[in-house]
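With TSV, C-alpha atoms inside, this is structure.tsv:
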chain	number	residue	atom	x	y	z
A	1	MET	CA	91.39	88.05	91.27
A	2	GLU	CA	93.80	85.36	90.15
A	3	THR	CA	96.68	86.75	88.12
A	4	THR	CA	95.79	84.45	85.21
A	5	ASN	CA	92.50	86.36	84.88
A	6	ALA	CA	94.31	89.69	84.73
A	7	ARG	CA	93.87	92.08	81.83
A	8	ILE	CA	97.05	93.32	80.14
A	9	LEU	CA	97.29	96.23	77.71
A	10	ILE	CA	100.10	96.09	75.15
A	11	VAL	CA	101.04	99.54	73.84
A	12	GLU	CA	103.34	98.78	70.91
A	13	ASP	CA	103.41	100.10	67.33
A	14	ASP	CA	105.42	97.15	65.96
A	15	LEU	CA	102.56	94.85	65.04
A	16	LYS	CA	104.74	91.73	64.83
A	17	ILE	CA	106.09	92.25	68.35
A	18	ALA	CA	102.61	93.05	69.65
A	19	ALA	CA	101.17	89.90	68.04
A	20	LEU	CA	103.97	87.75	69.48
A	21	LEU	CA	103.45	89.11	72.99
A	22	ARG	CA	99.71	88.73	72.64
A	23	ASP	CA	100.01	85.06	71.67
A	24	TYR	CA	102.28	84.24	74.61
A	25	LEU	CA	100.15	86.16	77.11
A	26	LEU	CA	96.95	84.54	75.88
A	27	ALA	CA	98.61	81.13	76.16
A	28	ALA	CA	99.48	82.00	79.77
A	29	GLY	CA	95.80	82.66	80.48
A	30	TYR	CA	95.73	86.47	80.46
A	31	ARG	CA	93.22	88.71	78.76
A	32	VAL	CA	95.01	90.95	76.29
A	33	GLU	CA	94.28	94.24	74.53
A	34	HIS	CA	96.50	96.14	72.10
A	35	GLU	CA	96.92	99.79	71.14
A	36	ALA	CA	99.53	101.04	68.64
A	37	ASN	CA	99.14	104.80	69.14
A	38	GLY	CA	100.43	106.48	72.30
A	39	LYS	CA	97.80	109.19	72.50
A	40	LEU	CA	94.95	106.76	71.94
A	41	ALA	CA	96.43	104.44	74.55
A	42	LEU	CA	96.49	107.22	77.15
A	43	ASP	CA	92.88	108.15	76.34
A	44	LYS	CA	91.90	104.51	76.85
A	45	LEU	CA	93.80	104.30	80.14
A	46	ARG	CA	92.03	107.37	81.49
A	47	GLN	CA	88.69	105.65	80.86
A	48	GLU	CA	89.51	102.13	82.02
A	49	GLN	CA	92.63	100.72	83.62
A	50	PRO	CA	94.06	97.26	82.94
A	51	ASP	CA	95.87	95.21	85.57
A	52	LEU	CA	99.26	95.68	83.87
A	53	ILE	CA	100.69	97.69	80.95
A	54	LEU	CA	103.43	96.62	78.54
A	55	LEU	CA	104.55	99.98	77.20
A	56	ASP	CA	106.87	100.61	74.27
A	57	LEU	CA	109.17	103.61	74.56
A	58	MET	CA	108.97	104.91	70.98
A	59	LEU	CA	105.37	105.37	69.85
A	60	PRO	CA	103.43	107.52	67.40
A	61	GLY	CA	101.17	110.14	68.94
A	62	LEU	CA	102.83	110.18	72.37
A	63	ASP	CA	106.01	108.49	73.59
A	64	GLY	CA	106.12	105.87	76.32
A	65	LEU	CA	107.83	108.04	78.93
A	66	SER	CA	105.17	110.72	78.60
A	67	ILE	CA	102.43	108.11	78.87
A	68	CYS	CA	104.05	106.62	81.96
A	69	THR	CA	104.35	110.02	83.64
A	70	GLU	CA	100.71	110.85	82.92
A	71	VAL	CA	99.41	107.46	84.06
A	72	ARG	CA	101.18	107.89	87.39
A	73	ARG	CA	99.07	110.99	88.01
A	74	PHE	CA	95.97	108.82	88.41
A	75	SER	CA	97.01	105.17	88.74
A	76	GLN	CA	99.58	102.82	90.26
A	77	VAL	CA	98.95	100.05	87.71
A	78	PRO	CA	102.20	98.09	87.09
A	79	ILE	CA	104.05	99.29	83.97
A	80	ILE	CA	106.78	97.35	82.16
A	81	MET	CA	108.64	99.45	79.59
A	82	LEU	CA	109.69	97.83	76.27
A	83	THR	CA	112.52	99.51	74.38
A	84	ALA	CA	115.42	99.04	72.01
A	85	LYS	CA	117.49	101.61	73.93
A	86	VAL	CA	119.92	99.83	76.24
A	87	GLU	CA	121.93	102.69	77.74
A	88	GLU	CA	121.80	102.94	81.53
A	89	VAL	CA	120.58	106.53	81.38
A	90	ASP	CA	117.52	105.39	79.44
A	91	ARG	CA	116.79	102.77	82.09
A	92	LEU	CA	117.02	105.37	84.82
A	93	VAL	CA	114.81	107.85	82.97
A	94	GLY	CA	112.25	105.12	82.36
A	95	LEU	CA	112.12	104.08	85.99
A	96	GLU	CA	112.05	107.66	87.27
A	97	SER	CA	109.00	108.31	85.11
A	98	GLY	CA	107.16	105.73	87.21
A	99	ALA	CA	107.82	102.48	85.35
A	100	ASP	CA	108.07	99.34	87.48
A	101	ASP	CA	110.37	97.38	85.18
A	102	TYR	CA	112.33	97.66	81.95
A	103	VAL	CA	112.87	95.05	79.20
A	104	CYS	CA	115.25	95.67	76.30
A	105	LYS	CA	114.64	94.47	72.74
A	106	PRO	CA	115.24	91.92	71.44
A	107	PHE	CA	113.67	90.05	74.33
A	108	SER	CA	112.29	86.60	74.99
A	109	PRO	CA	108.48	86.72	75.14
A	110	ARG	CA	108.70	84.07	77.87
A	111	GLU	CA	110.76	86.51	79.95
A	112	VAL	CA	108.15	89.24	79.46
A	113	VAL	CA	105.38	86.84	80.55
A	114	ALA	CA	107.44	85.85	83.61
A	115	ARG	CA	108.04	89.48	84.60
A	116	ALA	CA	104.37	90.32	84.09
A	117	ARG	CA	103.42	87.43	86.36
A	118	VAL	CA	105.79	88.66	89.08
A	119	HIS	CA	104.39	92.20	89.01
A	120	LEU	CA	100.79	91.00	88.97
A	121	ARG	CA	101.42	88.84	92.01
A	122	ARG	CA	103.21	91.67	93.76
A	123	THR	CA	100.33	94.06	93.26
A	124	MET	CA	97.37	91.86	94.00
A	125	THR	CA	94.11	93.10	92.54
A	126	THR	CA	90.61	92.62	93.80
A	127	GLN	CA	87.91	93.94	91.51
A	128	GLN	CA	84.15	93.81	91.63
A	129	PRO	CA	82.20	92.71	88.51
A	130	GLY	CA	81.95	95.59	86.05
A	131	GLY	CA	85.20	97.16	87.24
A	132	GLN	CA	83.52	99.87	89.31
A	133	ALA	CA	85.84	99.66	92.32
A	134	ARG	CA	89.33	98.23	92.33
A	135	PHE	CA	91.58	97.55	95.28
A	136	PHE	CA	95.35	97.28	94.83
A	137	ILE	CA	97.56	95.82	97.55
A	138	ASP	CA	101.14	97.04	97.18
A	139	ARG	CA	102.98	94.95	99.75
A	140	GLU	CA	106.39	96.41	98.93
A	141	GLN	CA	105.34	99.95	99.86
A	142	LEU	CA	102.67	98.90	102.38
A	143	ARG	CA	99.91	100.69	100.50
A	144	ILE	CA	96.36	99.87	99.53
A	145	LEU	CA	94.87	101.85	96.67
A	146	VAL	CA	91.24	102.25	95.69
A	147	ASP	CA	90.91	103.09	92.01
A	148	GLY	CA	94.51	104.28	91.95
A	149	ILE	CA	94.39	106.47	95.07
A	150	ALA	CA	96.16	105.32	98.24
A	151	LEU	CA	94.23	105.06	101.50
A	152	SER	CA	95.90	106.74	104.46
A	153	LEU	CA	96.50	103.64	106.57
A	154	THR	CA	98.64	102.95	109.61
A	155	PRO	CA	100.88	99.85	109.42
A	156	VAL	CA	98.40	97.92	111.58
A	157	GLU	CA	95.46	99.01	109.44
A	158	PHE	CA	97.37	97.98	106.32
A	159	ARG	CA	98.02	94.47	107.68
A	160	LEU	CA	94.38	94.02	108.68
A	161	LEU	CA	92.86	95.29	105.46
A	162	ALA	CA	95.37	93.47	103.23
A	163	GLU	CA	94.48	90.17	104.88
A	164	LEU	CA	90.76	90.81	104.61
A	165	ILE	CA	90.96	91.86	100.96
A	166	SER	CA	93.12	88.84	100.14
A	167	HIS	CA	90.26	86.56	101.26
A	168	PRO	CA	86.97	88.23	100.23
A	169	GLU	CA	83.86	86.78	101.88
A	170	ARG	CA	85.95	84.85	104.43
A	171	VAL	CA	84.98	85.51	108.05
A	172	PHE	CA	87.92	86.23	110.36
A	173	SER	CA	87.61	86.00	114.12
A	174	ARG	CA	88.82	88.89	116.22
A	175	GLN	CA	91.65	86.73	117.53
A	176	GLN	CA	92.83	85.97	113.98
A	177	LEU	CA	92.76	89.65	113.16
A	178	LEU	CA	94.67	90.45	116.34
A	179	ASP	CA	97.36	88.02	115.23
A	180	PHE	CA	97.62	89.76	111.84
A	181	ALA	CA	97.53	93.24	113.35
A	182	HIS	CA	100.23	92.94	115.99
A	183	GLU	CA	103.23	90.83	115.15
A	184	ASP	CA	104.86	91.45	118.53
A	185	GLN	CA	101.88	89.95	120.42
A	186	ARG	CA	101.44	92.90	122.76
A	187	ASP	CA	98.80	92.87	125.50
A	188	ILE	CA	95.79	93.80	123.41
A	189	ASN	CA	92.11	92.87	123.31
A	190	ASP	CA	89.10	92.54	121.00
A	191	ARG	CA	88.22	96.21	121.34
A	192	THR	CA	91.53	97.05	119.64
A	193	VAL	CA	90.37	95.24	116.49
A	194	ASP	CA	86.97	96.96	116.62
A	195	SER	CA	88.70	100.34	116.83
A	196	HIS	CA	90.97	99.56	113.87
A	197	ILE	CA	88.06	98.28	111.76
A	198	LYS	CA	86.07	101.43	112.55
A	199	ASN	CA	88.94	103.60	111.31
A	200	ILE	CA	89.45	101.50	108.20
A	201	ARG	CA	85.74	101.72	107.37
A	202	LYS	CA	85.87	105.51	107.53
A	203	LYS	CA	88.88	105.60	105.19
A	204	ILE	CA	87.28	103.26	102.64
A	205	GLN	CA	84.03	105.22	102.76
A	206	SER	CA	85.94	108.40	102.02
A	207	ARG	CA	86.72	106.80	98.62
A	208	LEU	CA	83.53	104.73	98.24
A	209	PRO	CA	80.82	106.63	100.13
A	210	ASP	CA	77.96	104.54	98.74
A	211	HIS	CA	79.44	101.12	99.53
A	212	GLU	CA	79.95	99.05	102.65
A	213	CYS	CA	82.93	96.73	102.30
A	214	LEU	CA	83.70	95.65	105.87
A	215	HIS	CA	80.90	93.71	107.55
A	216	SER	CA	80.53	92.63	111.16
A	217	VAL	CA	79.64	89.00	111.77
A	218	TYR	CA	77.83	88.86	115.10
A	219	GLY	CA	79.70	86.93	117.76
A	220	VAL	CA	82.61	86.09	115.43
A	221	GLY	CA	84.44	88.94	113.73
A	222	TYR	CA	84.57	90.60	110.33
A	223	ARG	CA	84.61	89.88	106.61
A	224	PHE	CA	85.50	91.92	103.51
A	225	GLU	CA	82.94	92.03	100.72
A	226	LEU	CA	83.44	93.54	97.30
A	227	PRO	CA	81.15	96.57	96.81
A	228	HIS	CA	78.03	95.90	94.75
Translate this file's structure into C-alpha cells.
Amino acid sequence: METTNARILIVEDDLKIAALLRDYLLAAGYRVEHEANGKLALDKLRQEQPDLILLDLMLPGLDGLSICTEVRRFSQVPIIMLTAKVEEVDRLVGLESGADDYVCKPFSPREVVARARVHLRRTMTTQQPGGQARFFIDREQLRILVDGIALSLTPVEFRLLAELISHPERVFSRQQLLDFAHEDQRDINDRTVDSHIKNIRKKIQSRLPDHECLHSVYGVGYRFELPH
C-alpha cells in the first residue's frame, strides 16, 4: 500500500483542530476519519484499525494515554500524540504508554502531516482488499506483524519476508533471495532458501491458517501474494 492511500484516524475533541488536520491530510492524499470521544474511539479501534492514529491527550470518555496503552495490547499501529502539555515528564509518559511520537500544541498542520508520512513509511503496510489480513513491516525493530501480532522470525527470515512483502506478486529467484538473506555472502545454496521459506510459511499459517501467502514458482523461485 502506498502511504498516500493510508487511512488515518484523528481522535480529537477540539473540532476546529480536527477539521484543520483533516483538511491538510486529505490534501496530502490520505483517507481520514475523526472521533471526538475517547471511549468511542477505542471501541472503533478494537473493531477496525487504521494505518496511523493522531491521538489527543485530553479527551472526554477516556484520555489519550489510556487509549494508547489499551491499543498496544492488540496493535502496533503508529500513534502520534497531540497535546498542549509541554513538560518533559508528559512526553516521557506519553512515549512509555506506547506512543511513537509527540507533537505539542500549537503545532503546524504541515509538521503533523510530515511526521505522519515518516511513520507511515517506516511501518510499511500491505493489506488485502476488505482489510481481512494486514502485514506490518517494522524495519526499526526487525519485526513483521500480522494483524498486530508479531511473527517469531529469525533475522534471515525477516529479511526474506520483508523483501517479498514489499513487492507483492513479484517473482524472486532463489539467487536474489539468497542475496537478501545473507549479507555476508557465506557459502550457501538454493536449499537454504527453500528451508527458510518452509519455516516462514509455517509461521504465517499459524496466524492465517486458511491462507497461502508464499507461492513456489517452478524452476524460478518464490512470490508473495496477499491472502484472498
Near A:Phe74, counting all atoms listed in the file, which residues have an atom at most 9 Å away, once you skip same-chain residues fewer than 5 positions from it, shown as a compact mmCIF listing (two decimals) with C-alpha atoms, in the coordinates of the input?
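Contents of result_8.txt, as written:
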# COMPACT_ATOMS: atom_id res chain seq x y z
CA ARG A 46 92.03 107.37 81.49
CA ASP A 147 90.91 103.09 92.01
CA GLY A 148 94.51 104.28 91.95
CA ILE A 149 94.39 106.47 95.07
_Residues near A:Ala19, anyone? I mean within 12 Å using all atoms listed in the file, not counting same-chain ones fewer than 2 positions away, as a ChimeraX atom specification._
/A:10-17,21-26,32-36,109
Determine the nearest neighbour of A:Ala116 from the options A:Arg191, A:Arg7, A:Thr83, A:Leu40, counting all atoms listed in the file.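 Checking each of A:Arg191, A:Arg7, A:Thr83, A:Leu40 against A:Ala116, counting all atoms listed in the file, the winner is A:Arg7.
The residue that comes closest to A:Ile80, out of A:Tyr102, A:Phe135, A:Phe180, A:Phe224 and on the basis of all atoms listed in the file, is A:Tyr102.
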Where's the centre, and what are the edge lengths in Å to one decimal, of a box along x, y and z enclosing all listed atoms of stretch 40-59 of chain A padded 6 Å per side, as AutoDock Vina command-line options?
--center_x 98.9 --center_y 101.7 --center_z 77.7 --size_x 32.5 --size_y 24.9 --size_z 27.7
In Å and to one decimal, atom CA of A:Asp179 is distant from atom CA of A:Val156 by 10.6 Å
